[in-house]
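Below: the structure, in structure tokens.
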Amino acid sequence: MKILRMYGAALEGKEFPIPGKVYPIRRADAAPDESLRDVSLHHIIRKPGNQYAEKIKDFDRKFKTEKKLDFREVKQYKKILAKAVREEVPKYDVILCTTSVATSSRLLNGTAKSIYQLLIDEAGMCTEPECLATIVATQAKQVVLIGDHKQLQPVVMCQEAGNLGLQKSLFERYAESDISEKVLTLLTNQYRMVALKMFFKTDFSF
């Protein structure tokens, strides 16, 4: 199987910043995993053999050396990047990304409603909107939620939002629902710790 790692724009911007683009504040040490460089999308589209690689790298070099840039050049650069991503993404069987990237137009335009299975790891830590948005956006035929809501729960900074229900994940709602016996599978051997992990598996139709 061909595997692809997609990062968000903020992490990609650590290595290939787009002039004038403001990225969300992240930890200073946050960066794409170097060991996954060969399967990371923002590096793949710059590899020799990719039809857009030279054009993209020409812009990369220009952005590093020139202080004054025409906004039209930046716009053209973004168009080429978008086209390269849209044409590259469909070539892969497995795409690794965060829930926020899974709902991005970059991934959705490239997959064009062709995602069969969606696996969300540590789903007990995802807020309910995070999970639901990913499920609805990808329109996956099969969804598997993996996690342990008794060990880790969503981190919600707003006390009021937590009290109103955002503190409870979709994973936990399933675990406590009347249909839990139909969709819940407990692992008895997890290889990392004695605690059990829970797998939810359910089909969604759109």
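Naming scheme: A, B, ... for chains in displayed order of the structure tokens; residues 1 onward per chain; ligands 1 onward as shown.
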Next on the checklist: Need the shell around segment 113-118 of chain A: protein/DNA/RNA residues with any atom at most 6 Å away, counting only C-alpha atoms. Skip same-chain ones fewer than 6 positions apart. Format as a list in words?
Outcome noted: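 In the requested form, the answer reads Ala140, Lys141, Gln142 and Val143 of chain A.
Excluding Lys91 of chain A itself and any same-chain residue fewer than 2 positions from it, the protein and nucleic acid residues within 10 Å of it, counting only C-alpha atoms, are Lys2, Ile3, Leu4, Arg86, Glu87, Glu88, Val89, Asp93, Val94, Gly110 and Thr111 of chain A.
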Checklist entry - Quick one: DSSP helix (DSSP H, G or I) residues in segment 5-199 of chain A, as a ChimeraX atom specification? => result /A:9-15,34-39,41-44,53-65,71-91,99-102,105-111,123-125,128-138,159-166,170-175,180-183
Next on the checklist: Restricting the calculation to only C-alpha atoms: of A:Leu119, A:Met125, A:Cys158, A:Ile179, which residue gets closest to Cys97 of chain A?
Outcome noted: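 That would be A:Leu119, the residue with the smallest distance to Cys97 of chain A.
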Skip Leu152 of chain A itself and residues of its chain fewer than 6 positions away, then list as a PDB file with all heavy atoms, in the first residue's frame all residues within 10 Å of it, counting only C-alpha atoms.
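Result file follows (around33.pdb):
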ATOM      1  N   GLU A 122      -7.088   7.725  19.166  1.00  0.00           N
ATOM      2  CA  GLU A 122      -7.279   8.536  20.368  1.00  0.00           C
ATOM      3  C   GLU A 122      -8.584   9.332  20.269  1.00  0.00           C
ATOM      4  O   GLU A 122      -8.648  10.521  20.608  1.00  0.00           O
ATOM      5  CB  GLU A 122      -6.091   9.478  20.588  1.00  0.00           C
ATOM      6  CG  GLU A 122      -4.772   8.782  20.867  1.00  0.00           C
ATOM      7  CD  GLU A 122      -4.751   8.023  22.201  1.00  0.00           C
ATOM      8  OE1 GLU A 122      -5.802   7.958  22.870  1.00  0.00           O
ATOM      9  OE2 GLU A 122      -3.689   7.486  22.557  1.00  0.00           O
ATOM     10  N   ALA A 123      -9.626   8.658  19.789  1.00  0.00           N
ATOM     11  CA  ALA A 123     -10.917   9.327  19.590  1.00  0.00           C
ATOM     12  C   ALA A 123     -11.526   9.797  20.906  1.00  0.00           C
ATOM     13  O   ALA A 123     -12.363  10.699  20.909  1.00  0.00           O
ATOM     14  CB  ALA A 123     -11.882   8.384  18.879  1.00  0.00           C
ATOM     15  N   GLY A 124     -11.113   9.200  22.018  1.00  0.00           N
ATOM     16  CA  GLY A 124     -11.598   9.645  23.312  1.00  0.00           C
ATOM     17  C   GLY A 124     -11.124  11.044  23.654  1.00  0.00           C
ATOM     18  O   GLY A 124     -11.712  11.729  24.487  1.00  0.00           O
ATOM     19  N   MET A 125     -10.041  11.501  23.005  1.00  0.00           N
ATOM     20  CA  MET A 125      -9.508  12.838  23.232  1.00  0.00           C
ATOM     21  C   MET A 125     -10.101  13.873  22.286  1.00  0.00           C
ATOM     22  O   MET A 125      -9.923  15.073  22.477  1.00  0.00           O
ATOM     23  CB  MET A 125      -7.979  12.836  23.066  1.00  0.00           C
ATOM     24  CG  MET A 125      -7.219  12.229  24.208  1.00  0.00           C
ATOM     25  SD  MET A 125      -5.438  12.527  24.034  1.00  0.00           S
ATOM     26  CE  MET A 125      -5.338  14.293  24.290  1.00  0.00           C
ATOM     27  N   CYS A 126     -10.779  13.412  21.234  1.00  0.00           N
ATOM     28  CA  CYS A 126     -11.351  14.338  20.253  1.00  0.00           C
ATOM     29  C   CYS A 126     -12.693  14.865  20.750  1.00  0.00           C
ATOM     30  O   CYS A 126     -13.519  14.098  21.249  1.00  0.00           O
ATOM     31  CB  CYS A 126     -11.579  13.634  18.915  1.00  0.00           C
ATOM     32  SG  CYS A 126     -10.074  13.158  18.057  1.00  0.00           S
TER      33      CYS A 126
END
Item to check | All strand (DSSP E or B) residues (DSSP, backbone) inside segment 2-126 of chain A, as number ranges by chain | outcome: A: 3-5, 40, 94-96, 117-120
Restricted to C-alpha atoms, what would the selected residues look like written as a compact mmCIF listing (two decimals), in the first residue's frame?
# COMPACT_ATOMS: atom_id res chain seq x y z
CA ILE A 3 1.17 5.75 2.32
CA LEU A 4 0.99 9.55 2.41
CA ARG A 5 1.48 11.89 5.38
CA SER A 40 5.24 13.69 3.39
CA VAL A 94 -3.54 5.31 3.11
CA ILE A 95 -3.46 8.96 4.17
CA LEU A 96 -2.20 9.91 7.65
CA GLN A 117 -12.52 3.67 5.69
CA LEU A 118 -11.82 6.37 8.27
CA LEU A 119 -9.81 5.52 11.40
CA ILE A 120 -9.64 8.09 14.19
Checklist entry - If you count only C-alpha atoms, which residues fall within 7 Å of segment 10-17 of chain A, apart from same-chain ones fewer than 5 positions away, as a ChimeraX atom specification? => result /A:23-24,31-32,42,60
Checklist entry - What is the atom CA of Thr138 of chain A-atom CA of Ser35 of chain A distance in Å, reported with one decimal? => result 27.2 Å
Next on the checklist: Show me, as JSON, numbers by chain, the residues that have an atom within 10 Å of Leu69 of chain A when counting only C-alpha atoms, minus same-chain residues fewer than 5 positions from it.
Outcome noted: {"A": [19, 20, 62, 63, 74]}
Checklist entry - Which residue gives the smallest distance to Gln51 of chain A among A:Leu36, A:Ala84, A:Val22, A:Leu132, with only C-alpha atoms counted? => result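 For Gln51 of chain A, the nearest of the given residues is A:Ala84.
In this structure, atom CA of Ser177 of chain A sits 15.2 Å away from atom CA of Gly165 of chain A.
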Checklist entry - Restricting the calculation to only C-alpha atoms, which member of A:Thr65, A:Ser180, A:Thr127, A:Gln153 is positioned closest to Ser100 of chain A? => result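 Counting only C-alpha atoms, the residue closest to Ser100 of chain A is A:Thr127.
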Checklist entry - Could you pull the residues within 12 Å of Glu54 of chain A, counting only C-alpha atoms, minus those fewer than 5 positions along the same chain, as a VMD selection string? => result chain A and resid 45 to 49 59 to 61 77 80 to 81 84
I need the residues from that last selection saved to file as a PDB file, in the first residue's frame (with C-alpha atoms), if you can.
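What ended up in out_2.pdb:
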ATOM      1  CA  ILE A  45       5.418  17.399  -4.714  1.00  0.00           C
ATOM      2  CA  ARG A  46       8.943  18.863  -4.801  1.00  0.00           C
ATOM      3  CA  LYS A  47      10.669  15.614  -5.763  1.00  0.00           C
ATOM      4  CA  PRO A  48      12.236  15.144  -9.213  1.00  0.00           C
ATOM      5  CA  GLY A  49       9.693  13.482 -11.454  1.00  0.00           C
ATOM      6  CA  PHE A  59       9.182  29.940  -6.208  1.00  0.00           C
ATOM      7  CA  ASP A  60      10.731  28.558  -2.991  1.00  0.00           C
ATOM      8  CA  ARG A  61      14.120  29.942  -3.977  1.00  0.00           C
ATOM      9  CA  TYR A  77       2.460  29.854  -6.309  1.00  0.00           C
ATOM     10  CA  ILE A  80       0.428  25.557  -8.497  1.00  0.00           C
ATOM     11  CA  LEU A  81       0.651  24.070  -4.989  1.00  0.00           C
ATOM     12  CA  ALA A  84       0.046  19.594  -7.402  1.00  0.00           C
TER      13      ALA A  84
END
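The space between atom CA of Gly147 of chain A and atom CA of Val101 of chain A spans 19.6 Å.
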